[in-house]
file entry-v6.cif (mmCIF, C-alpha atoms and all ligand atoms)
data_run
loop_
_atom_site.label_atom_id
_atom_site.label_comp_id
_atom_site.auth_asym_id
_atom_site.auth_seq_id
_atom_site.Cartn_x
_atom_site.Cartn_y
_atom_site.Cartn_z
CA MET A 25 1.34 -25.36 -154.45
CA LYS A 26 1.67 -21.85 -155.81
CA ALA A 27 2.61 -18.56 -154.18
CA LEU A 28 2.52 -14.95 -155.38
CA VAL A 29 5.02 -12.35 -154.15
CA ILE A 30 4.28 -8.64 -154.56
CA GLY A 31 7.26 -6.33 -155.13
CA SER A 32 10.40 -5.91 -157.21
CA GLY A 33 13.39 -5.35 -154.93
CA GLY A 34 16.19 -7.30 -153.26
CA ARG A 35 13.86 -8.13 -150.39
CA GLU A 36 11.39 -9.74 -152.80
CA HIS A 37 14.16 -11.67 -154.56
CA ALA A 38 15.19 -13.08 -151.17
CA ILE A 39 11.55 -13.99 -150.38
CA VAL A 40 11.10 -15.72 -153.76
CA TRP A 41 14.44 -17.53 -153.38
CA LYS A 42 13.51 -18.79 -149.91
CA LEU A 43 10.03 -19.87 -151.05
CA SER A 44 11.63 -21.77 -153.94
CA LYS A 45 13.33 -23.99 -151.33
CA SER A 46 9.99 -24.99 -149.79
CA ARG A 47 8.97 -28.61 -150.25
CA HIS A 48 5.37 -27.43 -150.75
CA ILE A 49 6.03 -25.02 -153.59
CA ASP A 50 6.03 -25.91 -157.25
CA LYS A 51 5.38 -22.50 -158.80
CA ILE A 52 6.03 -18.91 -157.77
CA TYR A 53 4.68 -15.77 -159.39
CA CYS A 54 6.04 -12.32 -158.73
CA CYS A 55 4.38 -8.97 -159.48
CA PRO A 56 6.22 -7.16 -160.98
CA GLY A 57 9.61 -8.80 -160.11
CA ASN A 58 13.02 -8.10 -161.66
CA ALA A 59 15.62 -9.86 -163.82
CA GLY A 60 16.96 -12.04 -160.99
CA ILE A 61 13.50 -12.99 -159.78
CA SER A 62 12.49 -14.01 -163.31
CA GLU A 63 15.06 -16.83 -163.15
CA ILE A 64 13.08 -18.62 -160.41
CA ALA A 65 9.57 -17.18 -160.67
CA GLU A 66 7.19 -16.10 -163.39
CA CYS A 67 6.98 -12.31 -163.37
CA ILE A 68 3.47 -11.09 -164.10
CA ASP A 69 2.46 -7.86 -165.72
CA ILE A 70 -0.27 -6.58 -163.41
CA ASP A 71 -0.24 -3.23 -161.59
CA PRO A 72 0.65 -4.24 -157.99
CA LEU A 73 -1.89 -1.69 -156.75
CA ASP A 74 -4.75 -3.14 -158.84
CA PHE A 75 -6.00 -5.43 -156.09
CA ASP A 76 -9.07 -6.65 -157.98
CA LYS A 77 -6.94 -7.83 -160.92
CA LEU A 78 -4.53 -9.51 -158.51
CA LYS A 79 -7.42 -11.31 -156.83
CA ASP A 80 -8.71 -12.52 -160.21
CA PHE A 81 -5.23 -13.80 -161.03
CA VAL A 82 -4.85 -15.58 -157.70
CA ARG A 83 -8.22 -17.29 -158.06
CA TYR A 84 -7.65 -18.25 -161.68
CA GLU A 85 -4.18 -19.71 -161.00
CA TRP A 86 -5.11 -21.36 -157.67
CA VAL A 87 -2.43 -19.44 -155.78
CA GLU A 88 -2.35 -20.66 -152.18
CA ILE A 89 -0.92 -17.52 -150.57
CA THR A 90 0.21 -14.01 -151.51
CA ILE A 91 3.18 -12.45 -149.72
CA VAL A 92 3.42 -8.66 -149.78
CA GLY A 93 6.92 -7.11 -149.79
CA PRO A 94 6.51 -3.31 -149.81
CA GLU A 95 4.49 -1.01 -147.57
CA GLN A 96 2.36 0.81 -150.12
CA PRO A 97 -0.05 -2.02 -151.03
CA LEU A 98 -0.40 -2.82 -147.31
CA ALA A 99 -1.24 0.79 -146.45
CA LEU A 100 -3.74 0.89 -149.31
CA GLY A 101 -5.55 -2.18 -148.01
CA ILE A 102 -4.47 -5.15 -150.16
CA VAL A 103 -4.84 -7.44 -147.15
CA ASP A 104 -8.34 -6.18 -146.30
CA CYS A 105 -9.31 -6.69 -149.93
CA PHE A 106 -7.98 -10.28 -150.14
CA GLN A 107 -9.36 -11.26 -146.73
CA ARG A 108 -12.85 -10.10 -147.68
CA ASP A 109 -12.80 -12.88 -150.30
CA GLY A 110 -11.17 -15.47 -148.04
CA LEU A 111 -7.84 -15.42 -149.94
CA LYS A 112 -4.70 -16.16 -147.93
CA ILE A 113 -2.24 -13.29 -147.68
CA LEU A 114 0.77 -12.40 -145.52
CA GLY A 115 0.75 -8.88 -144.11
CA PRO A 116 -1.16 -6.62 -141.73
CA ASN A 117 -4.42 -4.94 -142.77
CA SER A 118 -4.61 -1.21 -143.47
CA MET A 119 -5.60 -0.27 -139.89
CA ALA A 120 -2.63 -2.19 -138.49
CA SER A 121 -0.33 -0.82 -141.21
CA ARG A 122 -0.85 2.69 -139.86
CA LEU A 123 2.05 1.92 -137.53
CA GLU A 124 4.17 2.58 -140.62
CA SER A 125 1.92 4.70 -142.84
CA SER A 126 1.35 7.41 -140.24
CA LYS A 127 4.23 8.37 -137.98
CA SER A 128 1.90 10.47 -135.80
CA PHE A 129 -0.40 7.45 -135.36
CA ALA A 130 2.63 5.34 -134.35
CA LYS A 131 3.93 7.96 -131.91
CA ASP A 132 0.51 8.55 -130.28
CA PHE A 133 0.04 4.77 -130.05
CA MET A 134 3.43 4.37 -128.33
CA LYS A 135 2.57 7.15 -125.91
CA ARG A 136 -0.79 5.53 -125.05
CA HIS A 137 0.90 2.18 -124.41
CA LYS A 138 4.05 3.48 -122.70
CA ILE A 139 6.39 2.08 -125.34
CA PRO A 140 9.82 3.77 -125.18
CA THR A 141 10.43 6.24 -128.01
CA ALA A 142 11.81 9.78 -128.48
CA ASN A 143 9.72 12.71 -127.15
CA TYR A 144 7.81 14.42 -129.95
CA SER A 145 5.18 16.87 -131.13
CA VAL A 146 3.01 16.84 -134.26
CA PHE A 147 2.42 19.93 -136.44
CA ASN A 148 0.43 20.73 -139.54
CA SER A 149 1.61 24.31 -139.93
CA PHE A 150 5.04 25.60 -140.92
CA THR A 151 4.91 28.55 -138.51
CA LEU A 152 4.11 26.55 -135.39
CA ALA A 153 6.65 23.88 -136.34
CA GLU A 154 9.33 26.54 -136.85
CA GLU A 155 8.57 28.11 -133.46
CA TYR A 156 8.88 24.69 -131.82
CA ILE A 157 12.23 24.02 -133.49
CA ARG A 158 13.60 27.39 -132.31
CA LEU A 159 12.40 26.59 -128.79
CA LYS A 160 13.90 23.08 -128.70
CA GLY A 161 17.15 23.78 -130.58
CA ALA A 162 19.29 21.28 -132.51
CA PRO A 163 20.03 18.44 -133.08
CA ILE A 164 16.42 17.60 -133.83
CA VAL A 165 14.60 15.17 -136.12
CA ILE A 166 11.88 16.16 -138.61
CA LYS A 167 9.70 13.45 -140.16
CA ALA A 168 7.01 13.69 -142.83
CA ASP A 169 3.99 11.92 -141.35
CA GLY A 170 3.07 9.64 -144.26
CA LEU A 171 4.88 7.18 -146.53
CA ALA A 172 7.84 8.85 -148.23
CA GLY A 173 9.79 5.89 -149.60
CA GLY A 174 12.39 6.17 -146.83
CA LYS A 175 13.20 9.79 -147.75
CA GLY A 176 10.94 11.64 -145.32
CA VAL A 177 13.23 11.74 -142.28
CA PHE A 178 15.70 14.59 -141.65
CA VAL A 179 18.18 14.37 -138.80
CA ALA A 180 19.09 18.05 -138.50
CA SER A 181 22.24 19.04 -136.68
CA THR A 182 21.46 22.78 -136.81
CA ILE A 183 18.29 24.86 -136.55
CA ASP A 184 18.82 26.05 -140.13
CA GLU A 185 18.93 22.48 -141.40
CA ALA A 186 15.73 21.69 -139.50
CA ILE A 187 13.94 24.69 -140.98
CA PHE A 188 15.20 23.76 -144.43
CA ALA A 189 13.61 20.32 -143.92
CA LEU A 190 10.34 21.97 -142.93
CA LYS A 191 10.44 24.02 -146.13
CA ILE A 192 10.99 20.90 -148.23
CA ILE A 193 8.01 19.23 -146.59
CA PHE A 194 5.51 22.08 -146.18
CA LYS A 195 6.44 24.63 -148.87
CA ASP A 196 7.97 22.57 -151.69
CA ASN A 197 5.42 19.82 -150.96
CA VAL A 198 7.95 17.22 -152.03
CA PHE A 199 6.08 14.39 -150.31
CA GLY A 200 2.58 15.48 -151.36
CA GLU A 201 -0.10 14.47 -148.85
CA ALA A 202 2.44 12.47 -146.85
CA GLY A 203 3.85 15.86 -145.80
CA ASN A 204 0.59 17.44 -144.60
CA GLN A 205 1.79 16.85 -141.06
CA VAL A 206 5.23 16.50 -139.53
CA VAL A 207 6.45 14.74 -136.42
CA ILE A 208 9.29 16.62 -134.76
CA GLU A 209 11.21 14.59 -132.26
CA GLU A 210 14.15 14.55 -129.92
CA CYS A 211 17.37 13.30 -131.50
CA LEU A 212 18.48 10.06 -129.83
CA GLN A 213 22.12 8.98 -129.70
CA GLY A 214 23.25 5.37 -129.57
CA GLU A 215 23.57 2.33 -131.80
CA GLU A 216 20.80 1.34 -134.21
CA ALA A 217 19.44 -2.17 -134.76
CA SER A 218 16.57 -3.68 -136.71
CA PHE A 219 14.36 -6.12 -134.88
CA MET A 220 11.72 -8.05 -136.79
CA VAL A 221 9.18 -10.63 -135.69
CA PHE A 222 6.65 -12.95 -137.23
CA THR A 223 3.26 -12.67 -135.54
CA ASP A 224 -0.28 -13.92 -136.05
CA GLY A 225 -1.61 -11.35 -133.57
CA HIS A 226 -1.26 -13.77 -130.65
CA THR A 227 2.02 -15.68 -130.89
CA ILE A 228 5.20 -13.71 -131.61
CA ILE A 229 8.37 -15.32 -132.97
CA PRO A 230 11.44 -13.07 -133.16
CA MET A 231 13.65 -13.29 -136.23
CA ALA A 232 17.42 -13.23 -136.08
CA SER A 233 18.56 -9.67 -135.30
CA SER A 234 20.18 -7.52 -137.97
CA GLN A 235 21.67 -4.15 -138.67
CA ASP A 236 21.16 -1.89 -141.65
CA HIS A 237 23.61 0.77 -142.97
CA LYS A 238 21.45 3.74 -143.92
CA ARG A 239 23.99 6.35 -145.01
CA VAL A 240 25.41 6.21 -148.49
CA PHE A 241 29.11 6.55 -147.63
CA ASP A 242 31.56 4.73 -145.37
CA LYS A 243 31.68 5.75 -141.69
CA ASP A 244 27.98 6.62 -141.88
CA GLU A 245 28.54 9.76 -143.92
CA GLY A 246 26.37 11.31 -146.63
CA PRO A 247 22.61 11.25 -147.06
CA ASN A 248 20.26 8.46 -145.96
CA THR A 249 19.44 5.71 -148.48
CA GLY A 250 17.04 2.77 -148.50
CA GLY A 251 19.97 0.81 -146.98
CA MET A 252 23.47 0.11 -148.30
CA GLY A 253 24.08 -3.20 -146.58
CA ALA A 254 23.19 -5.32 -143.60
CA TYR A 255 24.48 -8.06 -141.38
CA SER A 256 22.90 -10.62 -139.11
CA PRO A 257 23.01 -11.22 -136.19
CA ALA A 258 23.60 -7.75 -134.70
CA PRO A 259 25.86 -8.27 -131.66
CA VAL A 260 24.43 -5.13 -130.01
CA VAL A 261 21.22 -7.17 -129.52
CA THR A 262 22.35 -9.47 -126.73
CA GLU A 263 20.01 -12.17 -125.36
CA GLN A 264 19.23 -9.89 -122.44
CA LEU A 265 18.45 -6.95 -124.71
CA LYS A 266 16.32 -9.19 -126.93
CA ASP A 267 14.15 -10.03 -123.89
CA LEU A 268 13.85 -6.32 -123.08
CA ILE A 269 12.84 -5.53 -126.67
CA MET A 270 10.24 -8.30 -126.66
CA ASP A 271 8.79 -7.21 -123.27
CA ARG A 272 8.91 -3.45 -123.54
CA ILE A 273 8.23 -3.00 -127.23
CA ILE A 274 7.04 -5.91 -129.35
CA SER A 275 4.62 -7.68 -126.98
CA LYS A 276 3.22 -4.35 -125.80
CA THR A 277 2.65 -3.28 -129.39
CA ILE A 278 0.80 -6.43 -130.45
CA ALA A 279 -1.24 -6.50 -127.21
CA GLY A 280 -1.89 -2.75 -127.39
CA LEU A 281 -3.23 -3.04 -130.92
CA ARG A 282 -5.39 -5.99 -129.89
CA SER A 283 -6.82 -3.94 -127.00
CA GLU A 284 -7.78 -1.34 -129.62
CA GLY A 285 -9.52 -3.97 -131.75
CA ILE A 286 -6.68 -4.49 -134.27
CA ILE A 287 -5.21 -7.95 -134.84
CA TYR A 288 -1.71 -7.49 -136.27
CA LYS A 289 -0.78 -10.38 -138.57
CA GLY A 290 2.41 -10.50 -140.59
CA ILE A 291 5.83 -9.04 -139.97
CA LEU A 292 6.46 -6.26 -137.50
CA TYR A 293 9.73 -4.40 -137.84
CA ALA A 294 10.99 -2.12 -135.09
CA GLY A 295 13.83 0.23 -136.01
CA LEU A 296 15.56 0.76 -132.69
CA MET A 297 18.09 3.04 -131.08
CA ILE A 298 19.96 1.29 -128.27
CA LYS A 299 21.06 3.79 -125.66
CA ASP A 300 22.74 2.64 -122.42
CA ASN A 301 21.40 -0.87 -123.10
CA ASN A 302 17.83 0.40 -123.35
CA PRO A 303 15.86 0.11 -126.61
CA TYR A 304 13.85 3.04 -128.05
CA VAL A 305 11.65 2.83 -131.14
CA LEU A 306 12.73 5.09 -134.02
CA GLU A 307 10.12 3.72 -136.38
CA PHE A 308 7.84 0.81 -137.04
CA ASN A 309 7.58 -0.87 -140.42
CA CYS A 310 4.78 -3.28 -141.19
CA ARG A 311 6.89 -5.47 -143.50
CA LEU A 312 10.31 -7.02 -143.91
CA GLY A 313 13.23 -4.57 -144.10
CA ASP A 314 15.34 -4.16 -147.21
CA PRO A 315 18.29 -5.07 -147.17
CA GLU A 316 17.91 -6.76 -143.74
CA THR A 317 15.76 -9.47 -145.34
CA GLN A 318 18.57 -10.52 -147.68
CA ALA A 319 20.85 -11.04 -144.64
CA ILE A 320 18.15 -12.68 -142.52
CA LEU A 321 16.40 -15.03 -144.94
CA SER A 322 19.76 -16.46 -146.01
CA ARG A 323 20.03 -17.66 -142.37
CA LEU A 324 16.50 -19.04 -142.12
CA GLU A 325 16.44 -22.83 -141.99
CA SER A 326 12.67 -23.24 -141.61
CA ASP A 327 10.19 -23.26 -144.47
CA LEU A 328 9.00 -19.71 -145.23
CA PHE A 329 5.85 -20.98 -146.94
CA GLU A 330 4.87 -22.89 -143.77
CA ILE A 331 5.50 -19.77 -141.68
CA ALA A 332 3.35 -17.63 -143.98
CA ILE A 333 0.47 -20.11 -143.90
CA ALA A 334 0.72 -20.45 -140.09
CA ILE A 335 0.50 -16.66 -139.70
CA ASN A 336 -2.48 -16.44 -142.02
CA ASP A 337 -4.26 -19.28 -140.21
CA GLU A 338 -3.29 -17.96 -136.72
CA ARG A 339 -1.45 -21.19 -135.92
CA LEU A 340 2.02 -19.75 -135.35
CA LYS A 341 2.19 -21.30 -131.87
CA ASP A 342 2.54 -24.74 -133.52
CA LEU A 343 5.73 -23.74 -135.35
CA ASP A 344 9.42 -23.76 -134.49
CA VAL A 345 11.48 -21.28 -136.51
CA LEU A 346 15.12 -22.25 -136.90
CA TRP A 347 18.17 -20.24 -137.98
CA THR A 348 21.70 -21.24 -138.90
CA ASP A 349 24.41 -20.05 -136.50
CA LYS A 350 26.40 -18.83 -139.50
CA PRO A 351 26.35 -15.01 -139.68
CA SER A 352 25.57 -13.24 -142.95
CA VAL A 353 26.62 -10.01 -144.62
CA CYS A 354 24.77 -8.28 -147.48
CA ILE A 355 26.51 -5.59 -149.53
CA VAL A 356 24.34 -3.38 -151.69
CA VAL A 357 25.83 -2.34 -155.03
CA ALA A 358 24.22 0.88 -156.25
CA SER A 359 24.02 3.03 -159.38
CA GLU A 360 26.15 6.15 -159.79
CA GLY A 361 24.31 9.09 -158.20
CA TYR A 362 22.13 7.03 -155.86
CA PRO A 363 20.40 8.10 -153.55
CA GLY A 364 20.08 11.11 -155.87
CA SER A 365 19.24 10.75 -159.55
CA TYR A 366 20.88 7.98 -161.59
CA GLN A 367 20.74 6.43 -165.05
CA ASN A 368 19.36 2.98 -165.84
CA GLY A 369 20.36 0.55 -168.57
CA LYS A 370 24.03 -0.09 -167.65
CA ARG A 371 25.13 -3.60 -168.58
CA ILE A 372 26.03 -5.74 -165.52
CA GLU A 373 28.93 -8.17 -165.84
CA GLY A 374 30.15 -10.97 -163.58
CA LEU A 375 26.82 -12.32 -162.31
CA ASP A 376 27.54 -15.84 -163.57
CA LYS A 377 30.86 -15.97 -161.74
CA VAL A 378 29.29 -14.97 -158.44
CA LYS A 379 26.57 -17.60 -158.88
CA GLN A 380 29.24 -20.31 -158.71
CA LEU A 381 30.51 -19.21 -155.28
CA LYS A 382 29.51 -21.31 -152.30
CA ASP A 383 27.39 -19.68 -149.57
CA THR A 384 27.03 -16.50 -151.62
CA PHE A 385 23.75 -15.28 -153.11
CA VAL A 386 23.13 -12.46 -155.54
CA PHE A 387 19.81 -10.83 -154.77
CA HIS A 388 18.74 -8.53 -157.58
CA ALA A 389 17.06 -5.23 -156.71
CA GLY A 390 17.04 -2.72 -159.60
CA THR A 391 17.73 -4.96 -162.61
CA ALA A 392 15.98 -5.69 -165.90
CA CYS A 393 16.55 -7.95 -168.86
CA ARG A 394 17.18 -6.20 -172.22
CA ASP A 395 18.21 -8.05 -175.41
CA ASN A 396 19.29 -11.07 -173.35
CA GLU A 397 21.51 -8.96 -171.13
CA ILE A 398 21.00 -7.95 -167.53
CA VAL A 399 21.09 -4.19 -167.05
CA THR A 400 20.65 -1.79 -164.15
CA ASN A 401 17.11 -0.58 -163.52
CA GLY A 402 17.12 1.21 -160.19
CA GLY A 403 19.21 2.96 -157.53
CA ARG A 404 20.02 -0.11 -155.51
CA VAL A 405 21.00 -2.72 -158.08
CA LEU A 406 22.24 -5.88 -156.31
CA GLY A 407 22.59 -7.23 -152.78
CA ILE A 408 25.56 -9.61 -152.64
CA THR A 409 25.02 -11.76 -149.58
CA SER A 410 27.35 -14.33 -148.01
CA LEU A 411 27.20 -16.70 -145.09
CA GLY A 412 30.41 -17.35 -143.17
CA LYS A 413 31.70 -19.39 -140.28
CA ASP A 414 31.90 -16.07 -138.44
CA ILE A 415 31.08 -12.48 -139.33
CA LEU A 416 34.62 -11.78 -140.56
CA ASP A 417 34.43 -14.76 -142.92
CA ALA A 418 30.98 -13.67 -144.17
CA GLN A 419 32.28 -10.15 -144.79
CA ARG A 420 35.36 -11.42 -146.63
CA LYS A 421 33.30 -13.70 -148.89
CA ALA A 422 30.78 -10.98 -149.71
CA TYR A 423 33.48 -8.45 -150.63
CA GLU A 424 35.34 -11.05 -152.71
CA ALA A 425 32.13 -11.69 -154.62
CA VAL A 426 31.53 -7.97 -155.20
CA GLN A 427 34.90 -7.82 -157.00
CA TYR A 428 33.46 -9.91 -159.85
CA ILE A 429 30.61 -7.47 -160.49
CA LYS A 430 31.16 -4.66 -162.96
CA PHE A 431 28.87 -1.95 -164.29
CA GLU A 432 29.52 1.64 -165.19
CA GLY A 433 29.40 3.96 -162.18
CA MET A 434 28.74 1.24 -159.59
CA HIS A 435 29.43 2.07 -155.97
CA TYR A 436 29.13 0.32 -152.63
CA ARG A 437 30.22 0.84 -149.04
CA LYS A 438 33.50 -0.73 -148.03
CA ASP A 439 32.72 -0.95 -144.31
CA ILE A 440 29.60 -3.12 -144.10
CA ALA A 441 29.70 -5.15 -140.83
CA GLU A 442 32.81 -3.34 -139.52
CA ARG A 443 30.93 -2.36 -136.39
CA ALA A 444 30.07 -5.99 -135.63
CA ILE A 445 33.67 -7.04 -136.27
CA LYS A 446 35.01 -4.41 -133.87
CA ARG A 447 32.92 -5.97 -131.14
CA LEU A 448 34.59 -9.39 -131.56
P1 LIG B 501 13.13 6.19 -139.80
O1 LIG B 501 12.73 6.07 -141.24
O2 LIG B 501 12.10 6.83 -138.91
O3 LIG B 501 13.78 4.94 -139.24
O4 LIG B 501 14.39 7.18 -139.83
C1 LIG B 501 15.47 6.96 -140.69
C2 LIG B 501 16.74 7.11 -139.93
O5 LIG B 501 16.78 8.41 -139.32
C3 LIG B 501 16.90 6.14 -138.76
O6 LIG B 501 17.41 4.91 -139.17
C4 LIG B 501 17.87 6.89 -137.90
O7 LIG B 501 19.19 6.79 -138.42
C5 LIG B 501 17.43 8.32 -138.07
N1 LIG B 501 16.48 8.71 -136.99
C6 LIG B 501 15.14 8.62 -137.00
N2 LIG B 501 14.60 9.07 -135.85
C7 LIG B 501 15.64 9.47 -135.09
C8 LIG B 501 15.75 10.01 -133.77
N3 LIG B 501 14.69 10.30 -133.03
N4 LIG B 501 16.99 10.27 -133.29
C9 LIG B 501 18.09 10.02 -134.04
N5 LIG B 501 18.06 9.50 -135.28
C10 LIG B 501 16.85 9.23 -135.80
N1 LIG B 502 16.12 -1.00 -144.28
C1 LIG B 502 15.08 -0.18 -143.76
C2 LIG B 502 13.75 -0.42 -144.29
O1 LIG B 502 13.48 -1.41 -144.94
O2 LIG B 502 12.88 0.40 -144.06
#
call {"tool": "encode", "arguments": {"input": "entry-v6.cif", "output": "structure tokens", "more": "lines below"}}
Ligand code: AMP
Ligand code: GLY
result
Amino acid sequence: MKALVIGSGGREHAIVWKLSKSRHIDKIYCCPGNAGISEIAECIDIDPLDFDKLKDFVRYEWVEITIVGPEQPLALGIVDCFQRDGLKILGPNSMASRLESSKSFAKDFMKRHKIPTANYSVFNSFTLAEEYIRLKGAPIVIKADGLAGGKGVFVASTIDEAIFALKIIFKDNVFGEAGNQVVIEECLQGEEASFMVFTDGHTIIPMASSQDHKRVFDKDEGPNTGGMGAYSPAPVVTEQLKDLIMDRIISKTIAGLRSEGIIYKGILYAGLMIKDNNPYVLEFNCRLGDPETQAILSRLESDLFEIAIAINDERLKDLDVLWTDKPSVCIVVASEGYPGSYQNGKRIEGLDKVKQLKDTFVFHAGTACRDNEIVTNGGRVLGITSLGKDILDAQRKAYEAVQYIKFEGMHYRKDIAERAIKRL
């Protein structure tokens, strides 16, 4: 059978790679894909937001299911559009995707359903927002309401920083319509974890836990990025905490949506702050995380294609999802300047050597093929991911593999998974 994956990052490379292991799959398409993906899938040249063209393609090629990586097509209703024509697709519809595409919707929803999250207020005027910040003081968190490609959140440690963030959002209009409103919320302290589940709107199956590294520099310094590395499992998520997260957050969210007439099908991602062993929601995403997916899918033993079909058909209760006990570590290698501006087109060396390493996978993110060479084509370029007999072993293998990779200006964090190792 055939599958189509929408997206072009490391997450999508991991999805395509995992699908390629399925006994049911004999052809994968990816729209638009990247250089690494093109080695195992056929990359197609269709605008990923042109849903009608995608539907024509899927019908013409007899694609069994489409799997959506990024949030934008979900928010714009790709799932609604495919479902209207009875085409199988993995992801929530646009109403359900509001959990990610509108932070004020998500916060109001959590309040209605008593799901633990930081206290907040919503503003659509600079003046009222500024008054509120002066009243509450710092630290404080300012978030553009809509989709901002992971750049719309400002954790301000002073009032001046918070007001500067407001200016960026309201006056400079950097996020366009996504910045018409802001959510201002209490700053939570604790340890972060990412918790993702598969759900068909009724049955919920938790994935292995994981932890992202959002800041660009070691010791969590510097600006936020899309994610500089991840590991799985996250030891902060103990079995007891996992039960709490499922009871207080995930089940309540899926049931709460259902009570409001919304069936959530696909992947639900809760970005959590764990404070005194209690989980609080920082954000919801309606898709797999990047780079958490690279760490998690390398540990998935079950067939991803079967999971996707079971979610689509609302038969998830019939499925067992299995994971290897081996932990994984993913190190993101980025372009010089990232998360600020960067240049593309730098030749990448060493990929073939890393391919020969056992239990190590190179997931491409921002790469392209030019004149038979692989070159950089994005801020986050590669996600080098290793499995190990324990987390220390996985970390060692991943960093050894990174040593083979060379491109001008490359940088990566040297402390991915340190926090998990300190807990050993
Ligand atoms: P988000 O995109 O909402 O997950 O925010 C990005 C990052 O900002 C999170 O991973 C946290 O590091 C930080 N953050 C978001 N909300 C809060 C909060 N209420 N308190 C402290 N840090 C936060
Ligand atoms: N790694 C965070 C995200 O995918 O949003």
call {"tool": "residues_around", "arguments": {"input": "entry-v6.cif", "residues": "Gly369 (chain A)", "least_positions_apart": "3", "cutoff": "8 Å", "atoms": "only C-alpha atoms", "output": "VMD selection string"}}
result
chain A and resid 399 to 401
call {"tool": "closest_atom_pairs", "arguments": {"input": "entry-v6.cif", "of": "region 51-100 of chain A", "to": "region 277-296 of chain A", "cutoff": "12 Å", "atoms": "all atoms listed in the file", "output": "tab-separated table"}}
result
residue	atom	partner	partner_atom	distance
A:Thr90	CA	A:Gly290	CA	11.7
A:Ile91	CA	A:Gly290	CA	9.4
A:Val92	CA	A:Gly290	CA	9.4
A:Gly93	CA	A:Ile291	CA	10.1
A:Pro94	CA	A:Ile291	CA	11.4
A:Glu95	CA	A:Ile291	CA	11.1
A:Leu98	CA	A:Gly290	CA	10.6
call {"tool": "residues_near_ligand", "arguments": {"input": "entry-v6.cif", "ligand": "ligand LIG 501 (chain B)", "cutoff": "8 Å", "atoms": "all atoms listed in the file", "output": "VMD selection string"}}
result
chain A and resid 141 to 142 164 to 165 167 174 to 179 209 to 213 216 238 248 295 to 297 306 to 308
call {"tool": "write_last_selection", "arguments": {"input": "entry-v6.cif", "atoms": "C-alpha atoms", "output": "compact mmCIF listing (two decimals), keeping the file's coordinate frame"}}
result
# COMPACT_ATOMS: atom_id res chain seq x y z
CA THR A 141 10.43 6.24 -128.01
CA ALA A 142 11.81 9.78 -128.48
CA ILE A 164 16.42 17.60 -133.83
CA VAL A 165 14.60 15.17 -136.12
CA LYS A 167 9.70 13.45 -140.16
CA GLY A 174 12.39 6.17 -146.83
CA LYS A 175 13.20 9.79 -147.75
CA GLY A 176 10.94 11.64 -145.32
CA VAL A 177 13.23 11.74 -142.28
CA PHE A 178 15.70 14.59 -141.65
CA VAL A 179 18.18 14.37 -138.80
CA GLU A 209 11.21 14.59 -132.26
CA GLU A 210 14.15 14.55 -129.92
CA CYS A 211 17.37 13.30 -131.50
CA LEU A 212 18.48 10.06 -129.83
CA GLN A 213 22.12 8.98 -129.70
CA GLU A 216 20.80 1.34 -134.21
CA LYS A 238 21.45 3.74 -143.92
CA ASN A 248 20.26 8.46 -145.96
CA GLY A 295 13.83 0.23 -136.01
CA LEU A 296 15.56 0.76 -132.69
CA MET A 297 18.09 3.04 -131.08
CA LEU A 306 12.73 5.09 -134.02
CA GLU A 307 10.12 3.72 -136.38
CA PHE A 308 7.84 0.81 -137.04
call {"tool": "atom_distance", "arguments": {"input": "entry-v6.cif", "atom1": "CA of Val405 (chain A)", "atom2": "CA of Gly433 (chain A)"}}
result
11.5 Å
call {"tool": "closest_residue", "arguments": {"input": "entry-v6.cif", "among": "A:Ile274, A:Leu268, A:Ile183, A:Ala358", "to": "Leu159 (chain A)", "atoms": "only C-alpha atoms"}}
result
A:Ile183
call {"tool": "closest_residue", "arguments": {"input": "entry-v6.cif", "among": "A:Asp337, A:Asp327, A:Asp414, A:Glu424", "to": "Lys45 (chain A)", "atoms": "all atoms listed in the file"}}
result
A:Asp327
call {"tool": "residues_near_ligand", "arguments": {"input": "entry-v6.cif", "ligand": "ligand LIG 502 (chain B)", "cutoff": "6 Å", "atoms": "only C-alpha atoms and all ligand atoms", "output": "NGL selection string"}}
result
:A and (236 or 250-251 or 313-315)
call {"tool": "closest_residue", "arguments": {"input": "entry-v6.cif", "among": "A:Glu88, A:Asp417, A:Glu360, A:Glu66", "to": "Lys26 (chain A)", "atoms": "only C-alpha atoms"}}
result
A:Glu88
call {"tool": "atom_distance", "arguments": {"input": "entry-v6.cif", "atom1": "CA of Lys299 (chain A)", "atom2": "CA of Lys138 (chain A)"}}
result
17.3 Å
call {"tool": "residues_near_point", "arguments": {"input": "entry-v6.cif", "point": "(35.1, -12.4, -148.9)", "cutoff": "12 Å", "atoms": "only C-alpha atoms", "output": "number ranges by chain"}}
result
A: 352-355, 378, 381-384, 408-428, 438, 440
call {"tool": "closest_residue", "arguments": {"input": "entry-v6.cif", "among": "A:Asn302, A:Ser32, A:Ser149, A:Ser322", "to": "Asp69 (chain A)", "atoms": "all atoms listed in the file"}}
result
A:Ser32
call {"tool": "residues_around", "arguments": {"input": "entry-v6.cif", "residues": "Phe222 (chain A)", "least_positions_apart": "5", "cutoff": "12 Å", "atoms": "only C-alpha atoms", "output": "PyMOL selection string"}}
result
chain A and resi 114-116+227-232+274-275+278+288-294+310-312+328+331-336+338-341+343-345
call {"tool": "closest_residue", "arguments": {"input": "entry-v6.cif", "among": "A:Glu155, A:Asp104, A:Asp242, A:Asp349", "to": "Met119 (chain A)", "atoms": "all atoms listed in the file"}}
result
A:Asp104
call {"tool": "atom_distance", "arguments": {"input": "entry-v6.cif", "atom1": "CA of Ile70 (chain A)", "atom2": "CA of Met25 (chain A)"}}
result
20.9 Å
